[in-house]
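**Q** There's a structure below that I have some questions on.
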Amino acid sequence: MTLKNILYPFLGLLSGMFILIYLDGTTLFLSALLLGILIFKTTKIDLDKILGTWLALSVAPAFGVAPTELLQLTNGFLVQSVLSSILFMAFYTYKPSIIGRVYKNSKANNIGILVSSVIAGFAAGILSSLSWQSYLNFISF
């Protein structure tokens, strides 16, 4: 793993959490879409890691938390944010299933990289949401 593979998702995590705290999930999702268009137009492929992290954070439902409640684990914001970022990095690195096929089989490299990052981001957000909801249901028994 190179420094870029850790630095860009970390920057995506911090900036995405900032957007979620001070704005909302819709703004983060729309920002991710805009970033995706900019990546496609300018071919700045390294930014796809930030895009994937933002998509993972925008899918996870733990947003709208007051800054004073960030360190409370019961609201799930911190747990889901970190878990979404870690899952995105794992999906991005190992490229399982459809992520790897899209990455390898794309005619234009930057489209394959961009679409595989989008799929990895959505998969990470959905899996972190499912994990958090399963945890909440497990402890409620």
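Just remember, in the structure tokens the first chain shown is A, the second B, etc., residues are 1-based per chain, and ligands are 1-based in the order shown.
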Mind checking DSSP for chain A and telling me the helix (DSSP H, G or I) residues as a PDB file with C-alpha atoms, in the first residue's frame?

**A**
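As a result, out_32.pdb now contains:
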```pdb
ATOM      1  CA  LEU A   3       1.000   6.615   0.899  1.00  0.00           C
ATOM      2  CA  LYS A   4      -1.524   7.869  -1.689  1.00  0.00           C
ATOM      3  CA  ASN A   5      -3.799   4.885  -1.020  1.00  0.00           C
ATOM      4  CA  ILE A   6      -3.983   5.894   2.638  1.00  0.00           C
ATOM      5  CA  LEU A   7      -3.731   9.688   2.399  1.00  0.00           C
ATOM      6  CA  TYR A   8      -6.516  10.326  -0.113  1.00  0.00           C
ATOM      7  CA  PRO A   9      -9.165   8.208   1.682  1.00  0.00           C
ATOM      8  CA  PHE A  10      -8.129   9.836   4.982  1.00  0.00           C
ATOM      9  CA  LEU A  11      -8.557  13.300   3.456  1.00  0.00           C
ATOM     10  CA  GLY A  12     -11.877  12.129   2.028  1.00  0.00           C
ATOM     11  CA  LEU A  13     -12.936  10.921   5.465  1.00  0.00           C
ATOM     12  CA  LEU A  14     -12.059  14.200   7.180  1.00  0.00           C
ATOM     13  CA  SER A  15     -13.606  16.429   4.517  1.00  0.00           C
ATOM     14  CA  GLY A  16     -16.672  14.189   4.228  1.00  0.00           C
ATOM     15  CA  MET A  17     -17.224  14.219   7.979  1.00  0.00           C
ATOM     16  CA  PHE A  18     -16.886  18.007   7.950  1.00  0.00           C
ATOM     17  CA  ILE A  19     -19.536  18.276   5.222  1.00  0.00           C
ATOM     18  CA  LEU A  20     -21.845  15.877   7.089  1.00  0.00           C
ATOM     19  CA  ILE A  21     -21.470  17.744  10.377  1.00  0.00           C
ATOM     20  CA  TYR A  22     -21.900  21.273   9.099  1.00  0.00           C
ATOM     21  CA  GLY A  25     -25.863  14.083   3.523  1.00  0.00           C
ATOM     22  CA  THR A  26     -27.436  15.456   0.355  1.00  0.00           C
ATOM     23  CA  THR A  27     -24.705  18.066   0.036  1.00  0.00           C
ATOM     24  CA  LEU A  28     -22.047  15.382   0.424  1.00  0.00           C
ATOM     25  CA  PHE A  29     -23.684  13.196  -2.232  1.00  0.00           C
ATOM     26  CA  LEU A  30     -23.988  16.103  -4.670  1.00  0.00           C
ATOM     27  CA  SER A  31     -20.389  17.118  -3.931  1.00  0.00           C
ATOM     28  CA  ALA A  32     -19.310  13.564  -4.728  1.00  0.00           C
ATOM     29  CA  LEU A  33     -21.177  13.679  -8.038  1.00  0.00           C
ATOM     30  CA  LEU A  34     -19.539  16.990  -8.906  1.00  0.00           C
ATOM     31  CA  LEU A  35     -16.131  15.592  -7.990  1.00  0.00           C
ATOM     32  CA  GLY A  36     -16.830  12.579 -10.215  1.00  0.00           C
ATOM     33  CA  ILE A  37     -17.571  14.863 -13.167  1.00  0.00           C
ATOM     34  CA  LEU A  38     -14.390  16.854 -12.488  1.00  0.00           C
ATOM     35  CA  ILE A  39     -12.342  13.649 -12.300  1.00  0.00           C
ATOM     36  CA  PHE A  40     -13.794  12.448 -15.591  1.00  0.00           C
ATOM     37  CA  LYS A  41     -13.184  15.767 -17.357  1.00  0.00           C
ATOM     38  CA  THR A  42      -9.684  16.439 -16.005  1.00  0.00           C
ATOM     39  CA  ILE A  45      -7.598   9.780 -11.239  1.00  0.00           C
ATOM     40  CA  ASP A  46      -5.994  10.047  -7.785  1.00  0.00           C
ATOM     41  CA  LEU A  47      -9.051  11.933  -6.554  1.00  0.00           C
ATOM     42  CA  ASP A  48     -11.223   8.859  -7.123  1.00  0.00           C
ATOM     43  CA  LYS A  49     -10.295   7.689  -3.621  1.00  0.00           C
ATOM     44  CA  ILE A  50     -11.853  10.841  -2.157  1.00  0.00           C
ATOM     45  CA  LEU A  51     -14.907  10.339  -4.378  1.00  0.00           C
ATOM     46  CA  GLY A  52     -15.377   6.766  -3.173  1.00  0.00           C
ATOM     47  CA  THR A  53     -14.978   7.755   0.459  1.00  0.00           C
ATOM     48  CA  TRP A  54     -17.539  10.562   0.068  1.00  0.00           C
ATOM     49  CA  LEU A  55     -20.015   8.185  -1.555  1.00  0.00           C
ATOM     50  CA  ALA A  56     -19.503   5.671   1.244  1.00  0.00           C
ATOM     51  CA  LEU A  57     -20.147   8.378   3.835  1.00  0.00           C
ATOM     52  CA  SER A  58     -23.196   9.721   2.009  1.00  0.00           C
ATOM     53  CA  VAL A  59     -24.839   6.287   1.881  1.00  0.00           C
ATOM     54  CA  PRO A  67     -20.456  18.652  16.977  1.00  0.00           C
ATOM     55  CA  THR A  68     -20.776  18.223  20.744  1.00  0.00           C
ATOM     56  CA  GLU A  69     -22.141  14.677  20.275  1.00  0.00           C
ATOM     57  CA  LEU A  73     -20.604   6.036  20.223  1.00  0.00           C
ATOM     58  CA  THR A  74     -24.356   5.584  20.657  1.00  0.00           C
ATOM     59  CA  ASN A  75     -25.270   7.848  17.737  1.00  0.00           C
ATOM     60  CA  PHE A  77     -21.642   8.751  13.407  1.00  0.00           C
ATOM     61  CA  LEU A  78     -18.012   8.123  14.278  1.00  0.00           C
ATOM     62  CA  VAL A  79     -18.302   4.337  14.028  1.00  0.00           C
ATOM     63  CA  GLN A  80     -20.043   4.381  10.663  1.00  0.00           C
ATOM     64  CA  SER A  81     -17.736   7.034   9.231  1.00  0.00           C
ATOM     65  CA  VAL A  82     -14.571   5.171  10.119  1.00  0.00           C
ATOM     66  CA  LEU A  83     -16.054   1.802   9.127  1.00  0.00           C
ATOM     67  CA  SER A  84     -17.203   3.213   5.767  1.00  0.00           C
ATOM     68  CA  SER A  85     -13.723   4.556   5.078  1.00  0.00           C
ATOM     69  CA  ILE A  86     -12.001   1.312   6.053  1.00  0.00           C
ATOM     70  CA  LEU A  87     -14.399  -0.777   3.975  1.00  0.00           C
ATOM     71  CA  PHE A  88     -13.910   1.508   0.980  1.00  0.00           C
ATOM     72  CA  MET A  89     -10.132   1.175   1.255  1.00  0.00           C
ATOM     73  CA  ALA A  90     -10.485  -2.621   1.440  1.00  0.00           C
ATOM     74  CA  PHE A  91     -12.831  -2.768  -1.558  1.00  0.00           C
ATOM     75  CA  TYR A  92     -10.651  -0.347  -3.511  1.00  0.00           C
ATOM     76  CA  THR A  93      -7.478  -2.285  -2.781  1.00  0.00           C
ATOM     77  CA  TYR A  94      -8.720  -5.857  -3.308  1.00  0.00           C
ATOM     78  CA  SER A  97     -16.443  -9.245  -7.631  1.00  0.00           C
ATOM     79  CA  ILE A  98     -17.927  -6.633  -9.929  1.00  0.00           C
ATOM     80  CA  ILE A  99     -15.514  -3.930  -8.783  1.00  0.00           C
ATOM     81  CA  GLY A 100     -12.555  -5.833 -10.207  1.00  0.00           C
ATOM     82  CA  ARG A 101     -14.381  -6.759 -13.404  1.00  0.00           C
ATOM     83  CA  VAL A 102     -15.359  -3.150 -14.109  1.00  0.00           C
ATOM     84  CA  TYR A 103     -11.821  -2.019 -13.336  1.00  0.00           C
ATOM     85  CA  LYS A 104     -10.233  -4.581 -15.690  1.00  0.00           C
ATOM     86  CA  ASN A 105     -12.749  -4.701 -18.540  1.00  0.00           C
ATOM     87  CA  ASN A 109      -8.920   3.272 -18.108  1.00  0.00           C
ATOM     88  CA  ASN A 110     -10.132   6.383 -16.324  1.00  0.00           C
ATOM     89  CA  ILE A 111     -13.785   5.366 -16.722  1.00  0.00           C
ATOM     90  CA  GLY A 112     -13.069   1.931 -15.264  1.00  0.00           C
ATOM     91  CA  ILE A 113     -11.189   3.422 -12.337  1.00  0.00           C
ATOM     92  CA  LEU A 114     -13.913   5.988 -11.717  1.00  0.00           C
ATOM     93  CA  VAL A 115     -16.809   3.516 -11.924  1.00  0.00           C
ATOM     94  CA  SER A 116     -15.015   0.931  -9.778  1.00  0.00           C
ATOM     95  CA  SER A 117     -14.451   3.628  -7.120  1.00  0.00           C
ATOM     96  CA  VAL A 118     -18.133   4.572  -7.238  1.00  0.00           C
ATOM     97  CA  ILE A 119     -19.217   0.949  -6.822  1.00  0.00           C
ATOM     98  CA  ALA A 120     -16.683   0.408  -4.020  1.00  0.00           C
ATOM     99  CA  GLY A 121     -17.944   3.544  -2.252  1.00  0.00           C
ATOM    100  CA  PHE A 122     -21.590   2.539  -2.439  1.00  0.00           C
ATOM    101  CA  ALA A 123     -20.776  -1.016  -1.353  1.00  0.00           C
ATOM    102  CA  ALA A 124     -18.767   0.255   1.616  1.00  0.00           C
ATOM    103  CA  GLY A 125     -21.553   2.632   2.693  1.00  0.00           C
ATOM    104  CA  ILE A 126     -24.221  -0.044   2.431  1.00  0.00           C
ATOM    105  CA  LEU A 127     -22.120  -2.613   4.285  1.00  0.00           C
ATOM    106  CA  SER A 128     -21.265  -0.176   7.086  1.00  0.00           C
ATOM    107  CA  SER A 129     -24.966   0.738   7.424  1.00  0.00           C
ATOM    108  CA  LEU A 130     -25.960  -2.913   7.569  1.00  0.00           C
ATOM    109  CA  SER A 131     -23.232  -3.613  10.116  1.00  0.00           C
ATOM    110  CA  TRP A 132     -24.338  -0.744  12.356  1.00  0.00           C
ATOM    111  CA  GLN A 133     -28.019  -1.673  12.135  1.00  0.00           C
ATOM    112  CA  SER A 134     -27.183  -5.315  12.882  1.00  0.00           C
ATOM    113  CA  TYR A 135     -25.175  -4.196  15.893  1.00  0.00           C
ATOM    114  CA  LEU A 136     -28.067  -2.054  17.149  1.00  0.00           C
ATOM    115  CA  ASN A 137     -30.516  -4.929  16.708  1.00  0.00           C
ATOM    116  CA  PHE A 138     -28.122  -7.349  18.404  1.00  0.00           C
ATOM    117  CA  ILE A 139     -27.665  -5.226  21.540  1.00  0.00           C
TER     118      ILE A 139
END
```
